[in-house]
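work-v7.txt follows (compact mmCIF, C-alpha atoms and all ligand atoms):
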# COMPACT_ATOMS: atom_id res chain seq x y z
CA MET K 1 -82.03 99.68 50.39
CA TYR K 2 -78.91 98.17 51.03
CA LYS K 3 -77.16 97.87 47.89
CA ARG K 4 -74.99 94.96 47.88
CA ARG K 5 -71.65 95.81 46.75
CA SER K 6 -70.93 94.17 43.63
CA TYR K 7 -67.29 94.32 44.21
CA LEU K 8 -64.89 93.81 47.05
CA SER K 9 -62.97 96.54 48.48
CA PRO K 10 -59.28 96.51 47.53
CA ARG K 11 -58.37 95.63 51.01
CA ARG K 12 -60.82 92.81 51.22
CA SER K 13 -60.05 91.78 47.73
CA GLY K 14 -56.33 91.55 48.57
CA TYR K 15 -57.13 89.56 51.61
CA ARG K 16 -59.22 87.13 49.67
CA SER K 17 -56.60 86.91 47.07
CA GLN K 18 -54.01 86.22 49.73
CA ARG K 19 -56.24 83.67 51.32
CA SER K 20 -56.88 82.04 48.03
CA GLY K 21 -53.11 81.89 47.42
CA ARG K 22 -52.57 80.24 50.78
CA LYS K 23 -55.23 77.68 49.97
CA ALA K 24 -53.59 76.94 46.64
CA SER K 25 -50.23 76.65 48.27
CA LYS K 26 -51.65 74.37 50.91
CA CYS K 27 -53.32 72.30 48.27
CA LEU K 28 -50.10 72.11 46.33
CA ARG K 29 -48.17 71.02 49.38
CA THR K 30 -50.80 68.41 50.11
CA ILE K 31 -50.46 67.12 46.59
CA MET K 32 -46.72 67.14 46.99
CA TRP K 33 -46.99 65.20 50.24
CA ILE K 34 -49.31 62.72 48.61
CA LEU K 35 -46.97 62.33 45.66
CA THR K 36 -44.03 61.97 48.02
CA ALA K 37 -45.91 59.34 49.99
CA LEU K 38 -46.80 57.56 46.83
CA CYS K 39 -43.18 57.66 45.74
CA ILE K 40 -42.07 56.30 49.09
CA ILE K 41 -44.67 53.56 48.88
CA LEU K 42 -43.61 52.80 45.35
CA VAL K 43 -39.94 52.71 46.28
CA CYS K 44 -40.72 50.47 49.24
CA ALA K 45 -42.81 48.22 47.06
CA VAL K 46 -40.05 48.00 44.45
CA THR K 47 -37.43 47.37 47.12
CA ALA K 48 -39.59 44.71 48.72
CA SER K 49 -40.16 43.15 45.34
CA ARG K 50 -36.47 43.09 44.56
CA ALA K 51 -35.70 41.63 47.96
CA LYS K 52 -38.27 38.94 47.40
CA ALA K 53 -36.90 38.29 43.95
CA ILE K 54 -33.40 37.97 45.40
CA GLN K 55 -34.73 35.55 47.99
CA VAL K 56 -36.41 33.53 45.26
CA ILE K 57 -33.23 33.50 43.18
CA ALA K 58 -31.21 32.57 46.22
CA ALA K 59 -33.67 29.81 47.05
CA GLU K 60 -33.61 28.60 43.49
CA SER K 61 -29.84 28.83 43.37
CA GLU K 62 -29.55 25.91 45.85
CA PRO K 63 -30.79 23.24 43.49
CA VAL K 64 -29.03 25.06 40.65
CA SER K 65 -25.85 24.76 42.67
CA GLY K 66 -26.49 21.03 43.00
CA SER K 67 -27.07 20.77 39.27
CA ALA K 68 -23.86 22.64 38.72
CA GLN K 69 -22.09 19.98 40.70
CA ASP K 70 -23.86 17.36 38.69
CA GLY K 71 -22.99 19.30 35.54
CA GLY K 72 -19.37 19.49 36.68
CA GLY K 73 -19.42 15.72 37.08
CA GLU K 74 -20.84 15.29 33.61
CA ILE K 75 -18.13 17.54 32.18
CA ALA K 76 -15.50 15.53 33.99
CA ASP K 77 -17.06 12.38 32.59
CA ILE K 78 -16.97 13.87 29.07
CA VAL K 79 -13.32 14.91 29.51
CA ARG K 80 -12.48 11.41 30.71
CA ALA K 81 -14.41 9.91 27.80
CA ILE K 82 -12.53 12.11 25.33
CA ALA K 83 -9.20 11.18 26.93
CA ASP K 84 -10.20 7.51 26.87
CA SER K 85 -11.24 7.90 23.25
CA GLN K 86 -7.91 9.53 22.37
CA ARG K 87 -6.02 6.79 24.19
CA LEU K 88 -8.11 4.22 22.30
CA ILE K 89 -7.35 5.93 18.98
CA VAL K 90 -3.61 6.02 19.76
CA GLN K 91 -3.72 2.42 20.95
CA THR K 92 -5.68 1.32 17.88
CA GLU K 93 -3.30 3.19 15.55
CA THR K 94 -0.28 1.69 17.33
CA GLU K 95 -1.79 -1.79 17.05
CA ARG K 96 -2.59 -1.15 13.38
CA ILE K 97 1.00 -0.07 12.64
CA GLU K 98 2.35 -3.06 14.58
CA ARG K 99 0.01 -5.35 12.65
CA ILE K 100 1.14 -3.83 9.31
CA MET K 101 4.79 -4.23 10.34
CA GLU K 102 4.16 -7.85 11.34
CA GLU K 103 2.39 -8.49 8.03
CA GLN K 104 5.25 -6.78 6.17
CA LYS K 105 7.77 -8.91 8.06
CA ALA K 106 5.75 -12.05 7.28
CA LEU K 107 5.63 -11.09 3.60
CA GLU K 108 9.38 -10.47 3.57
CA GLU K 109 9.99 -13.80 5.27
CA GLN K 110 7.63 -15.47 2.81
CA ALA K 111 9.40 -13.76 -0.11
CA ALA K 112 12.77 -14.83 1.30
CA ALA K 113 11.47 -18.39 1.76
CA GLU K 114 10.05 -18.36 -1.76
CA ALA K 115 13.34 -17.03 -3.16
CA ASP K 116 15.09 -19.77 -1.24
CA ARG K 117 12.81 -22.30 -2.96
CA ALA K 118 12.65 -20.52 -6.33
CA VAL K 119 13.93 -22.28 -9.40
CA VAL K 120 13.89 -21.12 -13.00
CA ILE K 121 12.89 -23.55 -15.71
CA ASP K 122 13.58 -22.28 -19.21
CA PRO K 123 11.80 -23.88 -22.17
CA GLY K 124 14.33 -23.09 -24.91
CA HIS K 125 13.37 -21.06 -28.00
CA GLY K 126 9.70 -20.07 -28.66
CA GLY K 127 7.73 -17.91 -31.06
CA ILE K 128 9.73 -17.05 -34.16
CA ASP K 129 12.64 -19.02 -32.76
CA GLY K 130 11.60 -22.64 -33.31
CA GLY K 131 14.95 -24.24 -32.56
CA CYS K 132 15.78 -27.32 -34.56
CA MET K 133 13.08 -29.12 -36.53
CA PHE K 134 12.87 -32.58 -38.03
CA ASP K 135 9.88 -34.21 -39.68
CA ASP K 136 7.77 -31.17 -38.79
CA VAL K 137 8.54 -31.60 -35.10
CA PRO K 138 9.66 -28.21 -33.74
CA GLU K 139 12.02 -28.27 -30.80
CA LYS K 140 10.30 -25.35 -29.10
CA GLU K 141 7.07 -27.35 -28.60
CA ILE K 142 8.74 -30.33 -26.97
CA ASN K 143 10.82 -28.02 -24.80
CA LEU K 144 7.66 -26.32 -23.50
CA GLU K 145 5.81 -29.59 -22.85
CA ILE K 146 8.68 -30.99 -20.80
CA ALA K 147 9.28 -27.71 -18.94
CA GLN K 148 5.64 -27.50 -17.87
CA ALA K 149 5.72 -31.07 -16.65
CA VAL K 150 8.89 -30.32 -14.67
CA ALA K 151 7.22 -27.27 -13.16
CA GLU K 152 4.20 -29.29 -12.02
CA ARG K 153 6.41 -31.78 -10.23
CA LEU K 154 8.58 -29.15 -8.56
CA GLU K 155 5.57 -27.18 -7.37
CA LYS K 156 4.18 -30.33 -5.77
CA MET K 157 7.53 -30.66 -4.01
CA GLY K 158 7.07 -27.14 -2.61
CA TYR K 159 9.30 -25.18 -4.97
CA THR K 160 8.42 -21.85 -6.51
CA VAL K 161 8.84 -22.36 -10.23
CA ILE K 162 9.55 -19.51 -12.60
CA LEU K 163 8.99 -20.45 -16.23
CA THR K 164 10.72 -18.11 -18.67
CA ARG K 165 7.79 -18.63 -21.02
CA THR K 166 4.46 -20.44 -20.66
CA GLU K 167 3.35 -20.36 -24.29
CA ASP K 168 4.72 -20.21 -27.81
CA THR K 169 6.24 -16.75 -27.53
CA TYR K 170 9.68 -15.40 -28.25
CA VAL K 171 11.60 -14.18 -25.21
CA ASP K 172 15.13 -12.87 -25.60
CA LYS K 173 17.73 -15.09 -23.91
CA ALA K 174 19.30 -12.19 -22.02
CA GLU K 175 15.86 -11.10 -20.80
CA ARG K 176 15.17 -14.61 -19.47
CA VAL K 177 18.36 -14.60 -17.44
CA ARG K 178 17.87 -11.05 -16.20
CA ASN K 179 14.44 -12.04 -14.84
CA ALA K 180 15.96 -15.07 -13.15
CA ASN K 181 18.70 -12.96 -11.55
CA SER K 182 16.18 -10.39 -10.33
CA ARG K 183 14.18 -13.12 -8.56
CA ASN K 184 17.24 -14.43 -6.73
CA ALA K 185 16.37 -17.94 -7.85
CA ARG K 186 18.40 -20.88 -6.57
CA LEU K 187 19.16 -22.30 -10.00
CA TYR K 188 18.47 -22.01 -13.72
CA VAL K 189 17.77 -25.03 -15.91
CA SER K 190 17.26 -24.63 -19.64
CA ILE K 191 15.58 -27.43 -21.61
CA HIS K 192 16.46 -28.13 -25.25
CA GLN K 193 16.47 -30.81 -27.94
CA ASN K 194 19.57 -31.78 -29.85
CA SER K 195 20.36 -32.48 -33.49
CA CYS K 196 23.23 -34.01 -35.35
CA GLY K 197 24.17 -34.68 -38.94
CA VAL K 198 24.81 -38.27 -37.97
CA LYS K 199 21.26 -39.57 -37.66
CA SER K 200 22.15 -42.42 -35.37
CA VAL K 201 23.42 -40.21 -32.58
CA GLU K 202 21.08 -40.19 -29.60
CA GLY K 203 20.96 -39.68 -25.87
CA ILE K 204 21.00 -37.02 -23.17
CA GLU K 205 23.79 -34.56 -22.62
CA THR K 206 23.96 -31.64 -20.24
CA TRP K 207 25.93 -28.43 -20.53
CA TYR K 208 27.07 -26.36 -17.60
CA ASP K 209 29.00 -23.17 -16.92
CA GLU K 210 32.54 -24.23 -16.15
CA ASN K 211 33.47 -20.74 -14.98
CA ASP K 212 30.87 -20.26 -12.27
CA GLY K 213 33.72 -20.36 -9.75
CA THR K 214 32.01 -22.75 -7.37
CA GLY K 215 31.56 -25.99 -9.26
CA GLU K 216 27.86 -25.86 -8.35
CA SER K 217 26.73 -25.71 -11.96
CA ARG K 218 28.60 -28.94 -12.70
CA ARG K 219 27.12 -30.63 -9.64
CA LEU K 220 23.63 -29.49 -10.72
CA ALA K 221 24.21 -30.72 -14.29
CA GLN K 222 25.45 -34.05 -13.08
CA SER K 223 22.49 -34.56 -10.74
CA ILE K 224 19.96 -33.75 -13.46
CA GLN K 225 21.67 -35.86 -16.12
CA GLN K 226 22.01 -38.83 -13.82
CA GLU K 227 18.37 -38.76 -12.71
CA THR K 228 17.01 -38.15 -16.22
CA VAL K 229 19.03 -40.93 -17.77
CA GLY K 230 17.81 -43.14 -14.94
CA SER K 231 14.13 -42.25 -15.43
CA THR K 232 14.18 -42.60 -19.24
CA GLY K 233 16.74 -45.29 -19.93
CA ALA K 234 18.20 -43.01 -22.60
CA VAL K 235 21.80 -43.15 -23.70
CA GLU K 236 23.96 -41.13 -21.33
CA ARG K 237 26.28 -38.76 -23.08
CA LYS K 238 28.94 -36.67 -21.40
CA LEU K 239 28.61 -33.50 -19.40
CA VAL K 240 29.74 -30.58 -21.53
CA PRO K 241 31.54 -27.65 -19.90
CA ASP K 242 30.87 -24.36 -21.64
CA SER K 243 31.32 -20.79 -20.60
CA GLU K 244 29.93 -19.11 -23.69
CA LEU K 245 26.27 -20.15 -23.72
CA CYS K 246 24.31 -17.01 -22.96
CA VAL K 247 21.98 -18.49 -20.33
CA LEU K 248 24.90 -20.08 -18.52
CA LYS K 249 27.26 -17.11 -18.75
CA MET K 250 24.81 -14.44 -17.60
CA SER K 251 23.07 -16.23 -14.76
CA ASN K 252 24.06 -15.42 -11.18
CA MET K 253 23.02 -18.84 -9.89
CA PRO K 254 24.10 -22.41 -10.67
CA SER K 255 22.85 -23.19 -14.16
CA CYS K 256 22.84 -25.89 -16.78
CA LEU K 257 21.27 -26.70 -20.13
CA ILE K 258 19.96 -30.19 -20.76
CA GLU K 259 19.53 -31.60 -24.26
CA THR K 260 16.96 -34.31 -23.59
CA GLY K 261 17.34 -36.10 -26.93
CA PHE K 262 18.11 -35.87 -30.62
CA LEU K 263 15.28 -34.88 -32.91
CA SER K 264 17.58 -35.86 -35.76
CA ASN K 265 17.34 -39.49 -34.58
CA LYS K 266 14.09 -40.99 -35.86
CA GLU K 267 13.49 -43.41 -32.99
CA GLU K 268 14.37 -40.94 -30.30
CA ARG K 269 12.29 -38.23 -31.99
CA ALA K 270 9.29 -40.56 -31.90
CA ARG K 271 9.81 -41.13 -28.16
CA LEU K 272 10.28 -37.41 -27.51
CA CYS K 273 6.91 -36.71 -29.13
CA THR K 274 4.97 -38.90 -26.69
CA GLY K 275 3.56 -37.52 -23.49
CA ALA K 276 4.66 -40.56 -21.50
CA TYR K 277 8.32 -40.12 -22.45
CA GLN K 278 8.14 -36.40 -21.81
CA GLU K 279 6.79 -37.19 -18.33
CA ARG K 280 9.70 -39.51 -17.64
CA ILE K 281 12.15 -36.83 -18.73
CA ALA K 282 10.37 -34.31 -16.51
CA GLU K 283 10.49 -36.68 -13.57
CA GLY K 284 14.24 -37.10 -13.98
CA ILE K 285 14.90 -33.36 -14.23
CA ALA K 286 12.70 -32.58 -11.20
CA GLN K 287 14.34 -35.28 -9.10
CA GLY K 288 17.79 -34.09 -10.16
CA ILE K 289 16.96 -30.53 -9.09
CA ASP K 290 15.46 -31.66 -5.79
CA GLN K 291 18.45 -33.84 -4.95
CA TYR K 292 20.86 -31.04 -5.84
CA LEU K 293 19.02 -28.50 -3.69
CA SER K 294 18.58 -30.90 -0.79
CA GLY K 295 22.28 -31.62 -0.82
CA ALA K 296 21.74 -35.29 -1.60
CA VAL K 297 24.32 -35.16 -4.39
ZN ZN F 301 17.76 -25.58 -28.57

Go ahead and render the structure in this file as C-alpha cells.
Ligand SMILES: [Zn+2]
Amino acid sequence: MYKRRSYLSPRRSGYRSQRSGRKASKCLRTIMWILTALCIILVCAVTASRAKAIQVIAAESEPVSGSAQDGGGEIADIVRAIADSQRLIVQTETERIERIMEEQKALEEQAAAEADRAVVIDPGHGGIDGGCMFDDVPEKEINLEIAQAVAERLEKMGYTVILTRTEDTYVDKAERVRNANSRNARLYVSIHQNSCGVKSVEGIETWYDENDGTGESRRLAQSIQQETVGSTGAVERKLVPDSELCVLKMSNMPSCLIETGFLSNKEERARLCTGAYQERIAEGIAQGIDQYLSGAV
C-alpha cells in the first residue's frame, strides 16, 4: 500500500515555501497597489474638493467684493458724518463764544449806561445816629421818607438810584461815599433836616463842595435848591460852600447836601412831617437833579 508521505521532501518543502513566499509577496504588492490607488483617489478627491471650494469662494467673492464697495461707501459716509459733526461742534462752540462775548459786551454797555444814569441819594443819619430831634420827631425818619420819594421819581425818569440806606440802619459816612465812588455815580445828594437855636429860623439851604475844582457841585446845589424852593414855597436860604463835610469832601462826583427845613421851627416841622410836603420836597430835588444832568441849568 502506498503510504502517503506525511511530510514533504526538503526539496519540495523548500519549493512550496518559496512559492508561498512569492504568493505573500504578490499579495503584499497587490495590497500596496490598492493602497496606492486609494491614496491617489483620495488625493484627487481632496484636490478636486479644494478646487471646488476655491471656485465657490471665488464665486462668492464677487458679491462680497460688491459689498466691500458698498461697505467702503458706508465708511466714507461715516467719515464724512464725523467730519461734519466735528465742524458742527466747532461752529456751535464758536457761535456760543461769540454769543457770550456779545452778551458780555451788552452787559458792559448796560453797566456803562447805568453808571451814566446812576445817582446816589443819601438819607442822612440812621440807626443809632438819629440826627437832630424836636418834639419827638427824629431827623433820620424824615430824611429817609424824602429820599425814598426822590428815588421813586428818579427811577421813573430812567435813572439808576443808589440809596445809601433803605431802612433805619446806621451806615458810616465814609462807607456811603466809598460805595458811591465805586459805582461811578454821576452825583451824590445827601438829604438832611436843619435846626437852630433861634426857633423862628426856617427854609431850605444847600451845601456844596467848593473845592471840587469844576464848579459842578455848586451848579448841582443851585439847581436842586431852586427847584425845591419852587415846589414847596419854602423860604430860600443861601447856598453854603463847604469843603469839610465828609460826604462832600470824599466823593469823586459832584455832590451837595440839602437841608430841607428846620425841625426847630414848629410850623415848618409840622409841614415836614406830612407826606404831602415831603412829596413836594422830593419833586423839587428830583427835578433839580434831572435838570442838572440834562444840562438844562
Ligand atoms: Zn443831619

Sorted per-residue table, chain K near ligand ZN 301 (chain F), closest atoms and distance, 8 Å, only C-alpha atoms and all ligand atoms, as a tab-separated table:
residue	atom	partner	partner_atom	distance
K:Gly124	CA	F:ZN301	ZN	5.6
K:His125	CA	F:ZN301	ZN	6.3
K:Gly131	CA	F:ZN301	ZN	5.1
K:Cys132	CA	F:ZN301	ZN	6.5
K:Glu139	CA	F:ZN301	ZN	6.7
K:Lys140	CA	F:ZN301	ZN	7.5
K:Ile191	CA	F:ZN301	ZN	7.5
K:His192	CA	F:ZN301	ZN	4.4
K:Gln193	CA	F:ZN301	ZN	5.4
K:Asn194	CA	F:ZN301	ZN	6.6
K:Glu259	CA	F:ZN301	ZN	7.6

| In Å, how far is it from atom CA of K:Ala180 to atom CA of K:Pro123? |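 That distance, rounded to one decimal, is 13.3 Å.
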
Using all atoms listed in the file, which protein or nucleic acid residues come within 10 Å of K:Leu220? Drop anything in the same chain fewer than 6 positions from it, and give the result as a tab-separated table (two decimals) with C-alpha atoms, in the coordinates of the input.
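Below is the file out.tsv, written as the result:
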chain	number	residue	atom	x	y	z
K	187	LEU	CA	19.16	-22.30	-10.00
K	188	TYR	CA	18.47	-22.01	-13.72
K	189	VAL	CA	17.77	-25.03	-15.91
K	206	THR	CA	23.96	-31.64	-20.24
K	208	TYR	CA	27.07	-26.36	-17.60
K	226	GLN	CA	22.01	-38.83	-13.82
K	254	PRO	CA	24.10	-22.41	-10.67
K	255	SER	CA	22.85	-23.19	-14.16
K	256	CYS	CA	22.84	-25.89	-16.78
K	288	GLY	CA	17.79	-34.09	-10.16
K	289	ILE	CA	16.96	-30.53	-9.09
K	290	ASP	CA	15.46	-31.66	-5.79
K	291	GLN	CA	18.45	-33.84	-4.95
K	292	TYR	CA	20.86	-31.04	-5.84
K	293	LEU	CA	19.02	-28.50	-3.69
K	297	VAL	CA	24.32	-35.16	-4.39

| Distance of atom CA of K:Val201 from atom CA of K:Val120, expressed in Å to one decimal place |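 A separation of 29.0 Å between them.
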
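Among the candidate residues K:Ala106, K:Asp129, K:Gly233, K:Ala286, the one lying nearest to K:Val161 is K:Ala286, with distances computed using all atoms listed in the file.
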
| Spatial neighbours of K:Leu154, 10 Å, all atoms listed in the file, chain gap at least 4 places, as a ChimeraX atom specification | /K:117-119,148-150,158-161,282-283,285-287,289-290

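Going from atom CA of K:Glu175 to atom CA of K:Leu163 covers 12.5 Å.
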
| task | Measuring atom to atom with all atoms listed in the file, identify which of K:Gln104, K:Ser251, K:Ser264, K:Thr36 is nearest to K:Ser200. | result |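 Smallest distance to K:Ser200 is found for K:Ser264.
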
| query | Smallest atom-to-atom distance to K:Arg176: which of K:Ile142, K:Ile128, K:Val247, K:Val137, using only C-alpha atoms? | reply |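 For K:Arg176, the nearest of the candidates is K:Val247.
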
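Those DNA, RNA and protein residues that approach the point (16.5, -10.8, -18.2) to within 12 Å, considering all atoms listed in the file, are Val120, Asp122, Thr164, Val171, Asp172, Lys173, Ala174, Glu175, Arg176, Val177, Arg178, Asn179, Ala180, Asn181, Ser182, Arg183, Cys246, Val247, Met250, Ser251 and Asn252 of chain K.
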
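Of the listed residues (K:Leu248, K:Asn143, K:Ser243, K:Asp135), K:Asp135 comes nearest to K:Glu267; the distances count all atoms listed in the file.
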
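Nearest residue to K:Ile146, choosing from K:Leu263, K:Met133, K:Ser190, K:Arg87 and counting only C-alpha atoms: K:Ser190.
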
As lines of an AutoDock Vina configuration file: centre and edge lengths in Å, one decimal, of the axis-aligned box holding stretch 165-173 of chain K with 6 Å per side:
center_x = 10.5
center_y = -16.7
center_z = -24.5
size_x = 26.4
size_y = 19.6
size_z = 19.6

| Pick from K:Gly215, K:Pro241, K:Pro138, K:Gly230 nearest to K:Ser195, counting all atoms listed in the file |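 The shortest atom-to-atom distance to K:Ser195 comes from K:Pro138.
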
Since the input lacks atoms, please generate N, CA and C atoms for stretch 94-113 of chain K and provide them as a JSON list (two decimals), in the frame of the given file.
[["chain", "number", "residue", "atom", "x", "y", "z"],
["K", 94, "THR", "N", -1.53, 2.40, 17.03],
["K", 94, "THR", "CA", -0.28, 1.69, 17.33],
["K", 94, "THR", "C", -0.42, 0.22, 16.96],
["K", 95, "GLU", "N", -1.56, -0.37, 17.37],
["K", 95, "GLU", "CA", -1.79, -1.79, 17.05],
["K", 95, "GLU", "C", -1.85, -2.00, 15.54],
["K", 96, "ARG", "N", -2.47, -1.03, 14.84],
["K", 96, "ARG", "CA", -2.59, -1.15, 13.38],
["K", 96, "ARG", "C", -1.20, -1.12, 12.73],
["K", 97, "ILE", "N", -0.36, -0.17, 13.21],
["K", 97, "ILE", "CA", 1.00, -0.07, 12.64],
["K", 97, "ILE", "C", 1.79, -1.34, 12.95],
["K", 98, "GLU", "N", 1.63, -1.83, 14.22],
["K", 98, "GLU", "CA", 2.35, -3.06, 14.58],
["K", 98, "GLU", "C", 1.88, -4.22, 13.73],
["K", 99, "ARG", "N", 0.55, -4.26, 13.47],
["K", 99, "ARG", "CA", 0.01, -5.35, 12.65],
["K", 99, "ARG", "C", 0.55, -5.27, 11.21],
["K", 100, "ILE", "N", 0.61, -4.01, 10.67],
["K", 100, "ILE", "CA", 1.14, -3.83, 9.31],
["K", 100, "ILE", "C", 2.61, -4.26, 9.25],
["K", 101, "MET", "N", 3.37, -3.87, 10.32],
["K", 101, "MET", "CA", 4.79, -4.23, 10.34],
["K", 101, "MET", "C", 4.96, -5.75, 10.42],
["K", 102, "GLU", "N", 4.09, -6.38, 11.24],
["K", 102, "GLU", "CA", 4.16, -7.85, 11.34],
["K", 102, "GLU", "C", 3.82, -8.49, 10.00],
["K", 103, "GLU", "N", 2.77, -7.95, 9.34],
["K", 103, "GLU", "CA", 2.39, -8.49, 8.03],
["K", 103, "GLU", "C", 3.52, -8.29, 7.01],
["K", 104, "GLN", "N", 4.14, -7.08, 7.08],
["K", 104, "GLN", "CA", 5.25, -6.78, 6.17],
["K", 104, "GLN", "C", 6.40, -7.75, 6.41],
["K", 105, "LYS", "N", 6.68, -7.99, 7.71],
["K", 105, "LYS", "CA", 7.77, -8.91, 8.06],
["K", 105, "LYS", "C", 7.44, -10.32, 7.56],
["K", 106, "ALA", "N", 6.16, -10.72, 7.74],
["K", 106, "ALA", "CA", 5.75, -12.05, 7.28],
["K", 106, "ALA", "C", 5.89, -12.17, 5.77],
["K", 107, "LEU", "N", 5.50, -11.08, 5.06],
["K", 107, "LEU", "CA", 5.63, -11.09, 3.60],
["K", 107, "LEU", "C", 7.09, -11.19, 3.17],
["K", 108, "GLU", "N", 7.95, -10.42, 3.89],
["K", 108, "GLU", "CA", 9.38, -10.47, 3.57],
["K", 108, "GLU", "C", 9.96, -11.85, 3.83],
["K", 109, "GLU", "N", 9.52, -12.45, 4.96],
["K", 109, "GLU", "CA", 9.99, -13.80, 5.27],
["K", 109, "GLU", "C", 9.48, -14.79, 4.23],
["K", 110, "GLN", "N", 8.20, -14.58, 3.84],
["K", 110, "GLN", "CA", 7.63, -15.47, 2.81],
["K", 110, "GLN", "C", 8.38, -15.29, 1.49],
["K", 111, "ALA", "N", 8.67, -14.02, 1.14],
["K", 111, "ALA", "CA", 9.40, -13.76, -0.11],
["K", 111, "ALA", "C", 10.80, -14.38, -0.05],
["K", 112, "ALA", "N", 11.44, -14.24, 1.15],
["K", 112, "ALA", "CA", 12.77, -14.83, 1.30],
["K", 112, "ALA", "C", 12.69, -16.35, 1.19],
["K", 113, "ALA", "N", 11.63, -16.93, 1.82],
["K", 113, "ALA", "CA", 11.47, -18.39, 1.76],
["K", 113, "ALA", "C", 11.20, -18.83, 0.32]]
